[in-house]
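This report refers to the structure that appears directly beneath it.
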Amino acid sequence: MRRLWIGLTYAVFIILLIIPLSRIAIGAFDKGLSGFAEGLFRPEALHALMMTGLIVVFVTFFNALFGIMMALYLVRANWLSRKIKGILNSIVDLPYAVSPVIGGLMIVLLLGPDNIIGGFFEGIGFKVVYAFPGMVIATLFVTFPLMVREVMPVLQEIGNDQEQAAATLGAYEWTTFRKVTWPSIRWAVVYGLVLTVARSLGEFGAVLVVSGNIMNKTQTATTLVYQDVENFNVAAANGVALVLAAFSVGLLLLMEWAKKRKDVH
C-alpha cells in the first residue's frame, strides 16, 4: 500500500509539473535558438521582465519590513486586545480568501481616478492605478500573508523570556531585536522572502486588473505571456514562461539550501 501511494505521488508530480515544464521548454525552442532569443529579447519582453523584476524588489522589501512588524505585533504586542488581534489576523488572511482578481478590483475602486482618494493622487501628479505603484500594491496585497505566517509560529515557539531578560538588563528595543529576536527568526524570514519572490513572479490576476496591461508601460512577464497566447505567439510565450520557470526552480534550490543551513546551525 505504501509503494502504491509513493507511486501515485510520483505520477502526480510528473503529470502536473515535469510534463508541463518539459512542454514549455520544448515549445520555447520550437523555432530554434534564434526564435527563442528573438521572443525573449523583444522590446516588449525586456520591458515586461524589467517591470516584473522591479515589482519583485519593491514588494519583497515592503513585505519583509511590514510582514515582520505585523508578526511581532500579533505575537508580542500585549497592549493589543485579543479582539483587535483577531481582526488583524483576519485581515492578514484576507488574500487567501479573496480571488486576486477581486483584490485588484478593490484597489481600482479604492485608488482609481474616479474616486476621492485616487482623484487626489491624480491631482498632485501621482498616478496609482494603471501605473507602477498600483501594480506594487496589488502584488503586495497578494503576498503579504506569506511573511507573516512564516515568522509568527517561530515567535510563538521561542517565547519572549530572552527578550524580557534583555530588557531587564537595560537593552533598547532595537538592540533586543537585533541580538535576541533576529537570530531566532532569520531563517523564517528567508523562507518568507523566497515565497514572496516566487509569488510575485507568478502573480497575474490582481496585476492584470490594476495595470491595464499596457505594452511597454504596465505590462509584466505574466501578462505578456497571456497576451502572446491570445495572439497565437505561442513560441514567444513559452520563452518568457521558461525564464519565469527557471527563476522558480532557482528559488526552490535556494529554499533547500536555506533549510540545510538551518540544520547546520
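Identifiers in this document derive from the order of the C-alpha cells: chains are assigned A, B, ..., residues are numbered from 1 separately in each chain, and ligands are numbered from 1 in order of occurrence.
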### Query
Contacts of Thr220 (chain A) at 10 Å or less, counting only C-alpha atoms, minus same-chain residues fewer than 3 places along, as a ChimeraX atom specification?
/A:44-55,135,201-204,207-208,211,213-217,223-226
Contact check, region 186-255 of chain A to region 117-129 of chain A, at most 10 Å, counting only C-alpha atoms, closest pairs as CSV:
```
residue,atom,partner,partner_atom,distance
A:Val209,CA,A:Val129,CA,9.2
A:Val210,CA,A:Val129,CA,5.7
A:Ser211,CA,A:Val129,CA,6.7
A:Gly212,CA,A:Val129,CA,8.6
```
### Message
I'd like to know which of A:Ile14, A:Pro145, A:Ser90, A:Ala221 is closest to Ala237 (chain A), using only C-alpha atoms.
### Response
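Comparing A:Ile14, A:Pro145, A:Ser90, A:Ala221 against Ala237 (chain A), the winner is A:Ala221.
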### Task
For Val101 (chain A), work out the shell of residues within 7 Å, counting only C-alpha atoms and skipping chain neighbours fewer than 4 positions away, then give it as a count of residues only.
4
Do you know which residues are at most 10 Å from region 238-248 of chain A counting only C-alpha atoms, after dropping those on the same chain fewer than 5 positions away, and could you put them as a PDB file with N, CA and C atoms, in the first residue's frame?
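Dumped everything to out-v8.pdb:
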```pdb
ATOM      1  N   LEU A  21       6.429  21.493 -17.616  1.00  0.00           N
ATOM      2  CA  LEU A  21       7.696  22.213 -17.738  1.00  0.00           C
ATOM      3  C   LEU A  21       8.471  21.757 -18.969  1.00  0.00           C
ATOM      4  N   SER A  22       8.445  20.460 -19.230  1.00  0.00           N
ATOM      5  CA  SER A  22       9.123  19.945 -20.422  1.00  0.00           C
ATOM      6  C   SER A  22       8.470  20.488 -21.683  1.00  0.00           C
ATOM      7  N   ARG A  23       7.152  20.564 -21.660  1.00  0.00           N
ATOM      8  CA  ARG A  23       6.436  21.093 -22.833  1.00  0.00           C
ATOM      9  C   ARG A  23       6.747  22.562 -23.050  1.00  0.00           C
ATOM     10  N   ILE A  24       6.862  23.325 -21.982  1.00  0.00           N
ATOM     11  CA  ILE A  24       7.226  24.740 -22.095  1.00  0.00           C
ATOM     12  C   ILE A  24       8.626  24.879 -22.669  1.00  0.00           C
ATOM     13  N   ALA A  25       9.571  24.055 -22.162  1.00  0.00           N
ATOM     14  CA  ALA A  25      10.949  24.122 -22.647  1.00  0.00           C
ATOM     15  C   ALA A  25      11.032  23.762 -24.124  1.00  0.00           C
ATOM     16  N   ILE A  26      10.314  22.725 -24.522  1.00  0.00           N
ATOM     17  CA  ILE A  26      10.313  22.332 -25.941  1.00  0.00           C
ATOM     18  C   ILE A  26       9.674  23.411 -26.796  1.00  0.00           C
ATOM     19  N   GLY A  27       8.549  23.953 -26.324  1.00  0.00           N
ATOM     20  CA  GLY A  27       7.860  24.993 -27.082  1.00  0.00           C
ATOM     21  C   GLY A  27       8.671  26.267 -27.214  1.00  0.00           C
ATOM     22  N   ALA A  28       9.494  26.567 -26.188  1.00  0.00           N
ATOM     23  CA  ALA A  28      10.305  27.780 -26.237  1.00  0.00           C
ATOM     24  C   ALA A  28      11.326  27.734 -27.369  1.00  0.00           C
ATOM     25  N   PHE A  29      11.798  26.522 -27.682  1.00  0.00           N
ATOM     26  CA  PHE A  29      12.798  26.358 -28.753  1.00  0.00           C
ATOM     27  C   PHE A  29      12.168  25.761 -30.003  1.00  0.00           C
ATOM     28  N   ASP A  30      10.854  25.943 -30.142  1.00  0.00           N
ATOM     29  CA  ASP A  30      10.138  25.395 -31.297  1.00  0.00           C
ATOM     30  C   ASP A  30      10.667  25.986 -32.606  1.00  0.00           C
ATOM     31  N   GLY A  35      14.847  31.729 -32.622  1.00  0.00           N
ATOM     32  CA  GLY A  35      13.459  32.071 -32.318  1.00  0.00           C
ATOM     33  C   GLY A  35      13.255  32.334 -30.840  1.00  0.00           C
ATOM     34  N   PHE A  36      13.925  31.529 -29.999  1.00  0.00           N
ATOM     35  CA  PHE A  36      13.852  31.752 -28.548  1.00  0.00           C
ATOM     36  C   PHE A  36      14.433  33.111 -28.181  1.00  0.00           C
ATOM     37  N   ALA A  37      15.606  33.414 -28.741  1.00  0.00           N
ATOM     38  CA  ALA A  37      16.253  34.695 -28.456  1.00  0.00           C
ATOM     39  C   ALA A  37      15.412  35.864 -28.967  1.00  0.00           C
ATOM     40  N   GLU A  38      14.830  35.689 -30.143  1.00  0.00           N
ATOM     41  CA  GLU A  38      14.004  36.766 -30.697  1.00  0.00           C
ATOM     42  C   GLU A  38      12.785  37.043 -29.836  1.00  0.00           C
ATOM     43  N   GLY A  39      12.145  35.983 -29.351  1.00  0.00           N
ATOM     44  CA  GLY A  39      10.972  36.167 -28.496  1.00  0.00           C
ATOM     45  C   GLY A  39      11.319  36.743 -27.139  1.00  0.00           C
ATOM     46  N   LEU A  40      12.507  36.381 -26.637  1.00  0.00           N
ATOM     47  CA  LEU A  40      12.894  36.814 -25.299  1.00  0.00           C
ATOM     48  C   LEU A  40      13.463  38.229 -25.285  1.00  0.00           C
ATOM     49  N   PHE A  41      14.129  38.614 -26.358  1.00  0.00           N
ATOM     50  CA  PHE A  41      14.790  39.924 -26.397  1.00  0.00           C
ATOM     51  C   PHE A  41      13.996  40.959 -27.188  1.00  0.00           C
ATOM     52  N   ALA A  45       9.189  42.265 -24.381  1.00  0.00           N
ATOM     53  CA  ALA A  45       9.551  41.220 -23.430  1.00  0.00           C
ATOM     54  C   ALA A  45      10.587  41.732 -22.424  1.00  0.00           C
ATOM     55  N   LEU A  46      11.586  42.454 -22.895  1.00  0.00           N
ATOM     56  CA  LEU A  46      12.591  43.009 -21.993  1.00  0.00           C
ATOM     57  C   LEU A  46      11.966  43.982 -21.004  1.00  0.00           C
ATOM     58  N   ALA A  48       8.801  43.981 -20.025  1.00  0.00           N
ATOM     59  CA  ALA A  48       7.941  43.231 -19.113  1.00  0.00           C
ATOM     60  C   ALA A  48       8.761  42.528 -18.042  1.00  0.00           C
ATOM     61  N   LEU A  49       9.894  41.952 -18.423  1.00  0.00           N
ATOM     62  CA  LEU A  49      10.761  41.296 -17.447  1.00  0.00           C
ATOM     63  C   LEU A  49      11.360  42.313 -16.479  1.00  0.00           C
ATOM     64  N   THR A  52       8.636  43.281 -14.069  1.00  0.00           N
ATOM     65  CA  THR A  52       8.453  42.209 -13.088  1.00  0.00           C
ATOM     66  C   THR A  52       9.555  42.235 -12.040  1.00  0.00           C
ATOM     67  N   VAL A 194      11.694  34.017   0.072  1.00  0.00           N
ATOM     68  CA  VAL A 194      11.668  33.136  -1.101  1.00  0.00           C
ATOM     69  C   VAL A 194      10.247  32.952  -1.601  1.00  0.00           C
ATOM     70  N   LEU A 195       9.314  32.711  -0.691  1.00  0.00           N
ATOM     71  CA  LEU A 195       7.913  32.551  -1.093  1.00  0.00           C
ATOM     72  C   LEU A 195       7.359  33.843  -1.694  1.00  0.00           C
ATOM     73  N   VAL A 197       9.069  36.231  -3.310  1.00  0.00           N
ATOM     74  CA  VAL A 197       9.626  36.422  -4.650  1.00  0.00           C
ATOM     75  C   VAL A 197       8.938  35.499  -5.651  1.00  0.00           C
ATOM     76  N   ALA A 198       8.770  34.227  -5.270  1.00  0.00           N
ATOM     77  CA  ALA A 198       8.129  33.270  -6.174  1.00  0.00           C
ATOM     78  C   ALA A 198       6.696  33.682  -6.497  1.00  0.00           C
ATOM     79  N   ARG A 199       5.967  34.111  -5.480  1.00  0.00           N
ATOM     80  CA  ARG A 199       4.566  34.524  -5.705  1.00  0.00           C
ATOM     81  C   ARG A 199       4.502  35.798  -6.521  1.00  0.00           C
ATOM     82  N   LEU A 201       6.667  36.784  -8.797  1.00  0.00           N
ATOM     83  CA  LEU A 201       6.994  36.457 -10.183  1.00  0.00           C
ATOM     84  C   LEU A 201       5.793  35.906 -10.934  1.00  0.00           C
ATOM     85  N   GLY A 202       4.979  35.117 -10.241  1.00  0.00           N
ATOM     86  CA  GLY A 202       3.868  34.462 -10.919  1.00  0.00           C
ATOM     87  C   GLY A 202       2.534  35.168 -10.811  1.00  0.00           C
ATOM     88  N   ALA A 221       5.718  40.204 -16.993  1.00  0.00           N
ATOM     89  CA  ALA A 221       6.036  38.993 -17.752  1.00  0.00           C
ATOM     90  C   ALA A 221       4.830  38.064 -17.864  1.00  0.00           C
ATOM     91  N   THR A 222       4.065  37.921 -16.779  1.00  0.00           N
ATOM     92  CA  THR A 222       2.915  37.015 -16.823  1.00  0.00           C
ATOM     93  C   THR A 222       1.816  37.541 -17.734  1.00  0.00           C
ATOM     94  N   LEU A 224       2.310  39.481 -20.268  1.00  0.00           N
ATOM     95  CA  LEU A 224       2.830  39.363 -21.629  1.00  0.00           C
ATOM     96  C   LEU A 224       2.631  37.947 -22.157  1.00  0.00           C
ATOM     97  N   VAL A 225       2.864  36.948 -21.304  1.00  0.00           N
ATOM     98  CA  VAL A 225       2.613  35.558 -21.708  1.00  0.00           C
ATOM     99  C   VAL A 225       1.154  35.381 -22.094  1.00  0.00           C
ATOM    100  N   TYR A 226       0.265  35.938 -21.278  1.00  0.00           N
ATOM    101  CA  TYR A 226      -1.168  35.866 -21.571  1.00  0.00           C
ATOM    102  C   TYR A 226      -1.483  36.511 -22.915  1.00  0.00           C
ATOM    103  N   ASP A 228       0.587  37.019 -25.460  1.00  0.00           N
ATOM    104  CA  ASP A 228       1.186  36.236 -26.544  1.00  0.00           C
ATOM    105  C   ASP A 228       0.332  35.018 -26.886  1.00  0.00           C
ATOM    106  N   VAL A 229      -0.188  34.358 -25.862  1.00  0.00           N
ATOM    107  CA  VAL A 229      -1.056  33.202 -26.108  1.00  0.00           C
ATOM    108  C   VAL A 229      -2.324  33.640 -26.826  1.00  0.00           C
ATOM    109  N   ASN A 233       1.061  33.698 -30.454  1.00  0.00           N
ATOM    110  CA  ASN A 233       2.514  33.750 -30.494  1.00  0.00           C
ATOM    111  C   ASN A 233       3.043  32.823 -29.399  1.00  0.00           C
ATOM    112  N   LEU A 253      15.693  25.734  -5.150  1.00  0.00           N
ATOM    113  CA  LEU A 253      17.035  25.321  -4.741  1.00  0.00           C
ATOM    114  C   LEU A 253      17.547  26.193  -3.595  1.00  0.00           C
ATOM    115  N   LEU A 254      17.236  27.498  -3.669  1.00  0.00           N
ATOM    116  CA  LEU A 254      17.625  28.396  -2.585  1.00  0.00           C
ATOM    117  C   LEU A 254      16.938  28.006  -1.288  1.00  0.00           C
TER     118      LEU A 254
END
```
### Query
Quick one: of A:Leu251, A:Phe61, A:Val136, A:Ala235, who's nearest to Ser34 (chain A), counting only C-alpha atoms?
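So, comparing all the options, the nearest one is A:Ala235.
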### Query
Hey, what's within 10 Å of Met255 (chain A) if we count only C-alpha atoms and toss same-chain stuff fewer than 6 positions away? As a VMD selection string, please?
chain A and resid 187 190 to 195 249 261
### Task
Name the residues in contact with region 97-100 of chain A at a cut-off of 8 Å, using only C-alpha atoms, excluding same-chain residues fewer than 2 positions from it; report them as a list in words.
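In the requested form, the answer reads Asp93, Leu94, Pro95, Ile102, Gly103, Gly104, Val142, Phe204, Gly205 and Ala206 of chain A.
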Go ahead and write the selection's residues with N, CA, C and O atoms as a JSON list (two decimals), in the first residue's frame.
```
[["chain", "number", "residue", "atom", "x", "y", "z"],
["A", 93, "ASP", "N", -5.15, 37.25, 6.60],
["A", 93, "ASP", "CA", -5.57, 36.08, 5.82],
["A", 93, "ASP", "C", -6.52, 36.43, 4.68],
["A", 93, "ASP", "O", -6.92, 35.54, 3.92],
["A", 94, "LEU", "N", -6.90, 37.69, 4.55],
["A", 94, "LEU", "CA", -7.86, 38.08, 3.52],
["A", 94, "LEU", "C", -7.43, 37.69, 2.11],
["A", 94, "LEU", "O", -8.27, 37.19, 1.33],
["A", 95, "PRO", "N", -6.17, 37.86, 1.72],
["A", 95, "PRO", "CA", -5.78, 37.45, 0.37],
["A", 95, "PRO", "C", -5.95, 35.96, 0.09],
["A", 95, "PRO", "O", -6.08, 35.56, -1.07],
["A", 102, "ILE", "N", -10.40, 39.86, -7.64],
["A", 102, "ILE", "CA", -11.24, 40.69, -6.78],
["A", 102, "ILE", "C", -10.38, 41.67, -6.00],
["A", 102, "ILE", "O", -10.75, 42.84, -5.80],
["A", 103, "GLY", "N", -9.21, 41.22, -5.54],
["A", 103, "GLY", "CA", -8.30, 42.12, -4.84],
["A", 103, "GLY", "C", -7.87, 43.28, -5.73],
["A", 103, "GLY", "O", -7.82, 44.44, -5.29],
["A", 104, "GLY", "N", -7.56, 42.99, -6.98],
["A", 104, "GLY", "CA", -7.20, 44.05, -7.92],
["A", 104, "GLY", "C", -8.35, 45.01, -8.15],
["A", 104, "GLY", "O", -8.14, 46.23, -8.23],
["A", 142, "VAL", "N", -1.42, 40.49, -2.40],
["A", 142, "VAL", "CA", -1.49, 39.05, -2.61],
["A", 142, "VAL", "C", -0.44, 38.32, -1.77],
["A", 142, "VAL", "O", -0.68, 37.22, -1.26],
["A", 204, "PHE", "N", -0.68, 37.22, -11.49],
["A", 204, "PHE", "CA", -1.31, 37.56, -12.76],
["A", 204, "PHE", "C", -2.62, 38.33, -12.59],
["A", 204, "PHE", "O", -2.76, 39.44, -13.10],
["A", 205, "GLY", "N", -3.55, 37.75, -11.84],
["A", 205, "GLY", "CA", -4.90, 38.31, -11.79],
["A", 205, "GLY", "C", -4.98, 39.73, -11.28],
["A", 205, "GLY", "O", -5.52, 40.62, -11.95],
["A", 206, "ALA", "N", -4.45, 39.98, -10.09],
["A", 206, "ALA", "CA", -4.54, 41.31, -9.49],
["A", 206, "ALA", "C", -3.78, 42.33, -10.32],
["A", 206, "ALA", "O", -4.26, 43.45, -10.54]]
```
